[in-house]
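This is start12.tsv (TSV, N, CA and C atoms).
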```
chain	number	residue	atom	x	y	z
A	133	MET	N	-23.21	47.45	106.63
A	133	MET	CA	-22.36	46.45	107.24
A	133	MET	C	-20.99	47.08	107.46
A	134	SER	N	-20.48	46.89	108.67
A	134	SER	CA	-19.16	47.46	108.96
A	134	SER	C	-18.05	46.55	108.43
A	135	ARG	N	-16.96	47.19	108.02
A	135	ARG	CA	-15.78	46.47	107.52
A	135	ARG	C	-14.55	47.16	108.10
A	136	VAL	N	-13.75	46.41	108.84
A	136	VAL	CA	-12.55	46.95	109.46
A	136	VAL	C	-11.38	46.04	109.10
A	137	ALA	N	-10.32	46.63	108.51
A	137	ALA	CA	-9.13	45.86	108.15
A	137	ALA	C	-7.97	46.29	109.05
A	138	ALA	N	-7.16	45.31	109.44
A	138	ALA	CA	-6.00	45.59	110.29
A	138	ALA	C	-4.83	44.73	109.84
A	139	GLU	N	-3.63	45.31	109.93
A	139	GLU	CA	-2.40	44.57	109.70
A	139	GLU	C	-1.84	44.19	111.06
A	140	LEU	N	-1.62	42.92	111.27
A	140	LEU	CA	-1.09	42.43	112.55
A	140	LEU	C	0.28	41.82	112.32
A	141	ARG	N	1.25	42.28	113.07
A	141	ARG	CA	2.62	41.77	112.95
A	141	ARG	C	2.81	40.58	113.89
A	142	SER	N	3.50	39.57	113.41
A	142	SER	CA	3.83	38.40	114.23
A	142	SER	C	5.34	38.21	114.25
A	143	ASP	N	5.93	38.32	115.41
A	143	ASP	CA	7.36	38.06	115.53
A	143	ASP	C	7.67	36.58	115.32
A	144	SER	N	6.71	35.71	115.60
A	144	SER	CA	6.92	34.27	115.44
A	144	SER	C	7.20	33.87	114.00
A	145	ILE	N	6.49	34.50	113.06
A	145	ILE	CA	6.71	34.17	111.66
A	145	ILE	C	7.46	35.27	110.91
A	146	GLY	N	7.72	36.37	111.59
A	146	GLY	CA	8.54	37.43	111.02
A	146	GLY	C	7.89	38.26	109.93
A	147	THR	N	6.58	38.35	109.93
A	147	THR	CA	5.88	39.15	108.93
A	147	THR	C	4.54	39.61	109.48
A	148	ALA	N	3.86	40.42	108.70
A	148	ALA	CA	2.53	40.89	109.08
A	148	ALA	C	1.49	40.23	108.19
A	149	GLY	N	0.29	40.14	108.70
A	149	GLY	CA	-0.82	39.59	107.94
A	149	GLY	C	-2.04	40.47	108.12
A	150	THR	N	-2.96	40.34	107.21
A	150	THR	CA	-4.19	41.13	107.25
A	150	THR	C	-5.33	40.33	107.87
A	151	VAL	N	-6.11	41.02	108.68
A	151	VAL	CA	-7.37	40.47	109.21
A	151	VAL	C	-8.45	41.49	108.84
A	152	ILE	N	-9.52	41.01	108.23
A	152	ILE	CA	-10.64	41.89	107.90
A	152	ILE	C	-11.86	41.38	108.66
A	153	ARG	N	-12.50	42.31	109.40
A	153	ARG	CA	-13.71	41.97	110.14
A	153	ARG	C	-14.90	42.57	109.41
A	154	TYR	N	-15.92	41.75	109.21
A	154	TYR	CA	-17.18	42.19	108.62
A	154	TYR	C	-18.26	42.01	109.67
A	155	GLY	N	-18.97	43.08	109.98
A	155	GLY	CA	-20.04	43.02	110.96
A	155	GLY	C	-19.60	43.60	112.29
A	156	HIS	N	-20.58	43.81	113.16
A	156	HIS	CA	-20.32	44.44	114.45
A	156	HIS	C	-20.67	43.55	115.63
A	157	SER	N	-21.49	42.55	115.43
A	157	SER	CA	-21.86	41.65	116.53
A	157	SER	C	-22.25	40.31	115.93
A	158	GLY	N	-22.48	39.36	116.80
A	158	GLY	CA	-22.89	38.04	116.36
A	158	GLY	C	-21.82	37.00	116.61
A	159	ARG	N	-22.15	35.77	116.28
A	159	ARG	CA	-21.23	34.65	116.47
A	159	ARG	C	-20.01	34.85	115.57
A	160	PRO	N	-18.80	34.78	116.14
A	160	PRO	CA	-17.59	34.97	115.31
A	160	PRO	C	-17.34	33.76	114.41
A	161	VAL	N	-17.03	34.04	113.15
A	161	VAL	CA	-16.72	33.00	112.17
A	161	VAL	C	-15.36	33.33	111.57
A	162	LEU	N	-14.42	32.41	111.69
A	162	LEU	CA	-13.08	32.58	111.15
A	162	LEU	C	-13.04	32.01	109.74
A	163	VAL	N	-12.65	32.84	108.76
A	163	VAL	CA	-12.65	32.45	107.35
A	163	VAL	C	-11.21	32.36	106.86
A	164	PHE	N	-10.83	31.17	106.39
A	164	PHE	CA	-9.51	30.96	105.81
A	164	PHE	C	-9.61	31.02	104.29
A	165	PRO	N	-8.67	31.67	103.62
A	165	PRO	CA	-8.70	31.73	102.16
A	165	PRO	C	-8.22	30.42	101.55
A	166	ALA	N	-8.36	30.34	100.23
A	166	ALA	CA	-7.81	29.20	99.51
A	166	ALA	C	-6.29	29.25	99.61
A	167	GLU	N	-5.62	28.20	99.15
A	167	GLU	CA	-4.17	28.12	99.26
A	167	GLU	C	-3.49	29.38	98.71
A	168	GLN	N	-2.60	29.93	99.52
A	168	GLN	CA	-1.84	31.14	99.23
A	168	GLN	C	-2.74	32.35	98.95
A	169	GLY	N	-3.93	32.35	99.55
A	169	GLY	CA	-4.89	33.43	99.35
A	169	GLY	C	-4.70	34.59	100.32
A	170	ARG	N	-5.46	35.63	100.08
A	170	ARG	CA	-5.41	36.83	100.90
A	170	ARG	C	-6.75	37.01	101.61
A	171	ALA	N	-6.75	37.83	102.65
A	171	ALA	CA	-7.95	38.07	103.44
A	171	ALA	C	-9.09	38.63	102.59
A	172	ALA	N	-8.79	39.46	101.61
A	172	ALA	CA	-9.81	40.11	100.79
A	172	ALA	C	-10.42	39.18	99.74
A	173	ASP	N	-9.86	38.00	99.54
A	173	ASP	CA	-10.35	37.07	98.52
A	173	ASP	C	-11.80	36.64	98.77
A	174	PHE	N	-12.19	36.48	100.04
A	174	PHE	CA	-13.54	36.04	100.38
A	174	PHE	C	-14.56	37.07	99.90
A	175	GLU	N	-14.25	38.34	100.12
A	175	GLU	CA	-15.12	39.42	99.66
A	175	GLU	C	-15.13	39.50	98.13
A	176	ALA	N	-13.96	39.40	97.52
A	176	ALA	CA	-13.84	39.50	96.06
A	176	ALA	C	-14.63	38.39	95.35
A	177	ALA	N	-14.76	37.24	96.00
A	177	ALA	CA	-15.49	36.12	95.41
A	177	ALA	C	-17.00	36.22	95.65
A	178	GLY	N	-17.44	37.28	96.32
A	178	GLY	CA	-18.87	37.48	96.55
A	178	GLY	C	-19.43	36.77	97.78
A	179	MET	N	-18.57	36.16	98.56
A	179	MET	CA	-19.04	35.40	99.71
A	179	MET	C	-19.53	36.29	100.86
A	180	VAL	N	-18.93	37.46	101.02
A	180	VAL	CA	-19.40	38.39	102.06
A	180	VAL	C	-20.80	38.88	101.70
A	181	ASP	N	-21.03	39.18	100.44
A	181	ASP	CA	-22.38	39.58	100.01
A	181	ASP	C	-23.38	38.45	100.22
A	182	ALA	N	-22.95	37.21	99.97
A	182	ALA	CA	-23.84	36.06	100.15
A	182	ALA	C	-24.26	35.91	101.61
A	183	ALA	N	-23.37	36.26	102.53
A	183	ALA	CA	-23.68	36.17	103.96
A	183	ALA	C	-24.15	37.51	104.51
A	184	GLY	N	-24.39	38.48	103.63
A	184	GLY	CA	-24.74	39.84	104.04
A	184	GLY	C	-25.92	39.93	104.97
A	185	GLY	N	-26.95	39.14	104.74
A	185	GLY	CA	-28.13	39.17	105.61
A	185	GLY	C	-27.80	38.76	107.04
A	186	LEU	N	-27.00	37.73	107.19
A	186	LEU	CA	-26.60	37.26	108.51
A	186	LEU	C	-25.69	38.28	109.21
A	187	ILE	N	-24.82	38.91	108.42
A	187	ILE	CA	-23.89	39.89	108.97
A	187	ILE	C	-24.65	41.15	109.39
A	188	SER	N	-25.50	41.66	108.52
A	188	SER	CA	-26.24	42.89	108.80
A	188	SER	C	-27.20	42.74	109.96
A	189	SER	N	-27.77	41.55	110.13
A	189	SER	CA	-28.71	41.33	111.22
A	189	SER	C	-28.01	41.06	112.55
A	190	GLY	N	-26.68	41.00	112.54
A	190	GLY	CA	-25.93	40.77	113.77
A	190	GLY	C	-25.90	39.32	114.22
A	191	ARG	N	-26.20	38.41	113.32
A	191	ARG	CA	-26.17	36.99	113.69
A	191	ARG	C	-24.76	36.42	113.61
A	192	VAL	N	-23.93	36.93	112.67
A	192	VAL	CA	-22.54	36.48	112.56
A	192	VAL	C	-21.63	37.68	112.32
A	193	LYS	N	-20.39	37.50	112.68
A	193	LYS	CA	-19.33	38.47	112.42
A	193	LYS	C	-18.19	37.67	111.81
A	194	LEU	N	-17.74	38.05	110.60
A	194	LEU	CA	-16.69	37.31	109.91
A	194	LEU	C	-15.32	37.92	110.19
A	195	TYR	N	-14.34	37.05	110.37
A	195	TYR	CA	-12.93	37.44	110.46
A	195	TYR	C	-12.20	36.70	109.35
A	196	CYS	N	-11.79	37.44	108.31
A	196	CYS	CA	-11.07	36.85	107.18
A	196	CYS	C	-9.59	37.14	107.35
A	197	VAL	N	-8.76	36.13	107.15
A	197	VAL	CA	-7.32	36.25	107.39
A	197	VAL	C	-6.52	35.89	106.14
A	198	ASP	N	-5.28	36.38	106.10
A	198	ASP	CA	-4.34	35.96	105.06
A	198	ASP	C	-3.87	34.54	105.34
A	199	SER	N	-3.47	33.85	104.30
A	199	SER	CA	-2.84	32.53	104.51
A	199	SER	C	-1.33	32.72	104.54
A	200	PHE	N	-0.67	31.80	105.15
A	200	PHE	CA	0.79	31.80	105.18
A	200	PHE	C	1.30	30.45	104.68
A	201	ASP	N	0.62	29.94	103.65
A	201	ASP	CA	0.96	28.64	103.08
A	201	ASP	C	2.37	28.59	102.51
A	202	ALA	N	2.85	29.70	101.99
A	202	ALA	CA	4.18	29.72	101.39
A	202	ALA	C	5.25	29.38	102.42
A	203	ALA	N	4.95	29.57	103.68
A	203	ALA	CA	5.91	29.25	104.74
A	203	ALA	C	5.65	27.86	105.32
A	204	SER	N	4.66	27.15	104.79
A	204	SER	CA	4.37	25.82	105.34
A	204	SER	C	4.30	24.80	104.21
A	205	TRP	N	3.14	24.20	103.96
A	205	TRP	CA	3.08	23.11	102.99
A	205	TRP	C	3.26	23.54	101.55
A	206	SER	N	3.12	24.81	101.23
A	206	SER	CA	3.36	25.28	99.86
A	206	SER	C	4.81	25.69	99.64
A	207	ASN	N	5.64	25.57	100.65
A	207	ASN	CA	7.05	25.94	100.54
A	207	ASN	C	7.74	24.91	99.66
A	208	GLN	N	8.01	25.28	98.42
A	208	GLN	CA	8.57	24.35	97.44
A	208	GLN	C	9.97	23.86	97.81
A	209	VAL	N	10.79	24.69	98.44
A	209	VAL	CA	12.13	24.27	98.83
A	209	VAL	C	12.05	23.17	99.87
A	210	ARG	N	11.25	23.37	100.89
A	210	ARG	CA	11.12	22.39	101.96
A	210	ARG	C	10.47	21.11	101.45
A	211	SER	N	9.49	21.21	100.53
A	211	SER	CA	8.79	20.01	100.07
A	211	SER	C	9.65	19.16	99.15
A	212	ARG	N	10.74	19.69	98.59
A	212	ARG	CA	11.62	18.90	97.72
A	212	ARG	C	12.68	18.14	98.51
A	213	LEU	N	12.78	18.41	99.81
A	213	LEU	CA	13.76	17.69	100.62
A	213	LEU	C	13.30	16.25	100.82
A	214	PRO	N	14.24	15.33	100.90
A	214	PRO	CA	13.85	13.96	101.25
A	214	PRO	C	13.15	13.97	102.61
A	215	HIS	N	12.28	13.01	102.83
A	215	HIS	CA	11.48	12.99	104.06
A	215	HIS	C	12.33	13.13	105.32
A	216	SER	N	13.44	12.41	105.41
A	216	SER	CA	14.26	12.49	106.62
A	216	SER	C	14.91	13.86	106.76
A	217	ALA	N	15.29	14.49	105.64
A	217	ALA	CA	15.89	15.82	105.70
A	217	ALA	C	14.84	16.86	106.09
A	218	ALA	N	13.63	16.72	105.57
A	218	ALA	CA	12.56	17.67	105.90
A	218	ALA	C	12.22	17.58	107.38
A	219	ALA	N	12.25	16.37	107.92
A	219	ALA	CA	11.92	16.21	109.33
A	219	ALA	C	12.99	16.82	110.22
A	220	SER	N	14.24	16.83	109.76
A	220	SER	CA	15.30	17.37	110.61
A	220	SER	C	15.68	18.80	110.25
A	221	ALA	N	15.01	19.38	109.23
A	221	ALA	CA	15.31	20.76	108.84
A	221	ALA	C	14.95	21.70	109.98
A	222	PRO	N	15.71	22.77	110.16
A	222	PRO	CA	15.44	23.68	111.26
A	222	PRO	C	14.05	24.30	111.11
A	223	SER	N	13.37	24.40	112.20
A	223	SER	CA	12.04	24.97	112.22
A	223	SER	C	12.13	26.44	112.60
A	224	THR	N	11.26	27.25	112.03
A	224	THR	CA	11.19	28.67	112.40
A	224	THR	C	10.17	28.89	113.50
A	225	ARG	N	9.57	27.83	113.98
A	225	ARG	CA	8.55	27.92	115.00
A	225	ARG	C	9.18	28.08	116.38
A	226	ARG	N	8.63	28.96	117.18
A	226	ARG	CA	9.11	29.13	118.55
A	226	ARG	C	8.28	28.28	119.49
A	227	THR	N	8.92	27.73	120.45
A	227	THR	CA	8.19	26.96	121.45
A	227	THR	C	8.26	27.69	122.77
A	228	SER	N	7.22	27.55	123.57
A	228	SER	CA	7.23	28.20	124.87
A	228	SER	C	7.79	27.23	125.90
A	229	ARG	N	8.40	27.79	126.91
A	229	ARG	CA	9.00	26.93	127.95
A	229	ARG	C	8.34	27.17	129.26
```
What is this file in structure tokens?
Amino acid sequence: MSRVAAELRSDSIGTAGTVIRYGHSGRPVLVFPAEQGRAADFEAAGMVDAAGGLISSGRVKLYCVDSFDAASWSNQVRSRLPHSAAASAPSTRRTSR
């Protein structure tokens, strides 16, 4: 089974994240880690091995990604703001025009 890891930089969030691909062909499956997890957590928990037959036969290809929860709902500073302050707090999100 092929395994390819890549670091992808995002100017929108100002950091890089890891994407790990398992397999070479098949239906793409996007795998999100548990809260504040890393891309390699799925493999470490044995889930890639559990899907190994599907991956090796070319039926699925997994894309495991890092989470960025610390910048969203797990952000303790932002979550302690009163509701009205959190709603008006500056966003780091870029919008397209």
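Among the candidate residues A:Ser199, A:Ser157, A:Ser189, A:Ser134, the one lying nearest to Ala171 of chain A is A:Ser199, with distances computed using only C-alpha atoms.
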**OP:** Tell me which protein, DNA and RNA residues are within 7 Å of segment 146-156 of chain A, counting all atoms listed in the file, leaving out same-chain ones fewer than 4 positions away, and put them as a list in words.
**Re:** Met133, Ser134, Arg135, Val136, Ala137, Ala138, Glu139, Leu140, Arg141, Ser142, Ala171, Ala172, Ile187, Ser188, Gly190, Val192, Lys193, Leu194, Tyr195, Cys196, Val197 and Asp198 of chain A
Write the selection just made, keeping N, CA and C atoms, as a compact mmCIF listing (two decimals), keeping the file's coordinate frame?
```
# COMPACT_ATOMS: atom_id res chain seq x y z
N MET A 133 -23.21 47.45 106.63
CA MET A 133 -22.36 46.45 107.24
C MET A 133 -20.99 47.08 107.46
N SER A 134 -20.48 46.89 108.67
CA SER A 134 -19.16 47.46 108.96
C SER A 134 -18.05 46.55 108.43
N ARG A 135 -16.96 47.19 108.02
CA ARG A 135 -15.78 46.47 107.52
C ARG A 135 -14.55 47.16 108.10
N VAL A 136 -13.75 46.41 108.84
CA VAL A 136 -12.55 46.95 109.46
C VAL A 136 -11.38 46.04 109.10
N ALA A 137 -10.32 46.63 108.51
CA ALA A 137 -9.13 45.86 108.15
C ALA A 137 -7.97 46.29 109.05
N ALA A 138 -7.16 45.31 109.44
CA ALA A 138 -6.00 45.59 110.29
C ALA A 138 -4.83 44.73 109.84
N GLU A 139 -3.63 45.31 109.93
CA GLU A 139 -2.40 44.57 109.70
C GLU A 139 -1.84 44.19 111.06
N LEU A 140 -1.62 42.92 111.27
CA LEU A 140 -1.09 42.43 112.55
C LEU A 140 0.28 41.82 112.32
N ARG A 141 1.25 42.28 113.07
CA ARG A 141 2.62 41.77 112.95
C ARG A 141 2.81 40.58 113.89
N SER A 142 3.50 39.57 113.41
CA SER A 142 3.83 38.40 114.23
C SER A 142 5.34 38.21 114.25
N ALA A 171 -6.75 37.83 102.65
CA ALA A 171 -7.95 38.07 103.44
C ALA A 171 -9.09 38.63 102.59
N ALA A 172 -8.79 39.46 101.61
CA ALA A 172 -9.81 40.11 100.79
C ALA A 172 -10.42 39.18 99.74
N ILE A 187 -24.82 38.91 108.42
CA ILE A 187 -23.89 39.89 108.97
C ILE A 187 -24.65 41.15 109.39
N SER A 188 -25.50 41.66 108.52
CA SER A 188 -26.24 42.89 108.80
C SER A 188 -27.20 42.74 109.96
N GLY A 190 -26.68 41.00 112.54
CA GLY A 190 -25.93 40.77 113.77
C GLY A 190 -25.90 39.32 114.22
N VAL A 192 -23.93 36.93 112.67
CA VAL A 192 -22.54 36.48 112.56
C VAL A 192 -21.63 37.68 112.32
N LYS A 193 -20.39 37.50 112.68
CA LYS A 193 -19.33 38.47 112.42
C LYS A 193 -18.19 37.67 111.81
N LEU A 194 -17.74 38.05 110.60
CA LEU A 194 -16.69 37.31 109.91
C LEU A 194 -15.32 37.92 110.19
N TYR A 195 -14.34 37.05 110.37
CA TYR A 195 -12.93 37.44 110.46
C TYR A 195 -12.20 36.70 109.35
N CYS A 196 -11.79 37.44 108.31
CA CYS A 196 -11.07 36.85 107.18
C CYS A 196 -9.59 37.14 107.35
N VAL A 197 -8.76 36.13 107.15
CA VAL A 197 -7.32 36.25 107.39
C VAL A 197 -6.52 35.89 106.14
N ASP A 198 -5.28 36.38 106.10
CA ASP A 198 -4.34 35.96 105.06
C ASP A 198 -3.87 34.54 105.34
```
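Atom C of Arg159 of chain A is positioned 18.8 Å from atom C of Asp173 of chain A.
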Subject >> Length of the atom CA of Phe200 of chain A to atom CA of Arg170 of chain A vector [Å] >> reply: 9.1 Å
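Between atom C of Gly184 of chain A and atom CA of Glu167 of chain A lies a distance of 25.4 Å.
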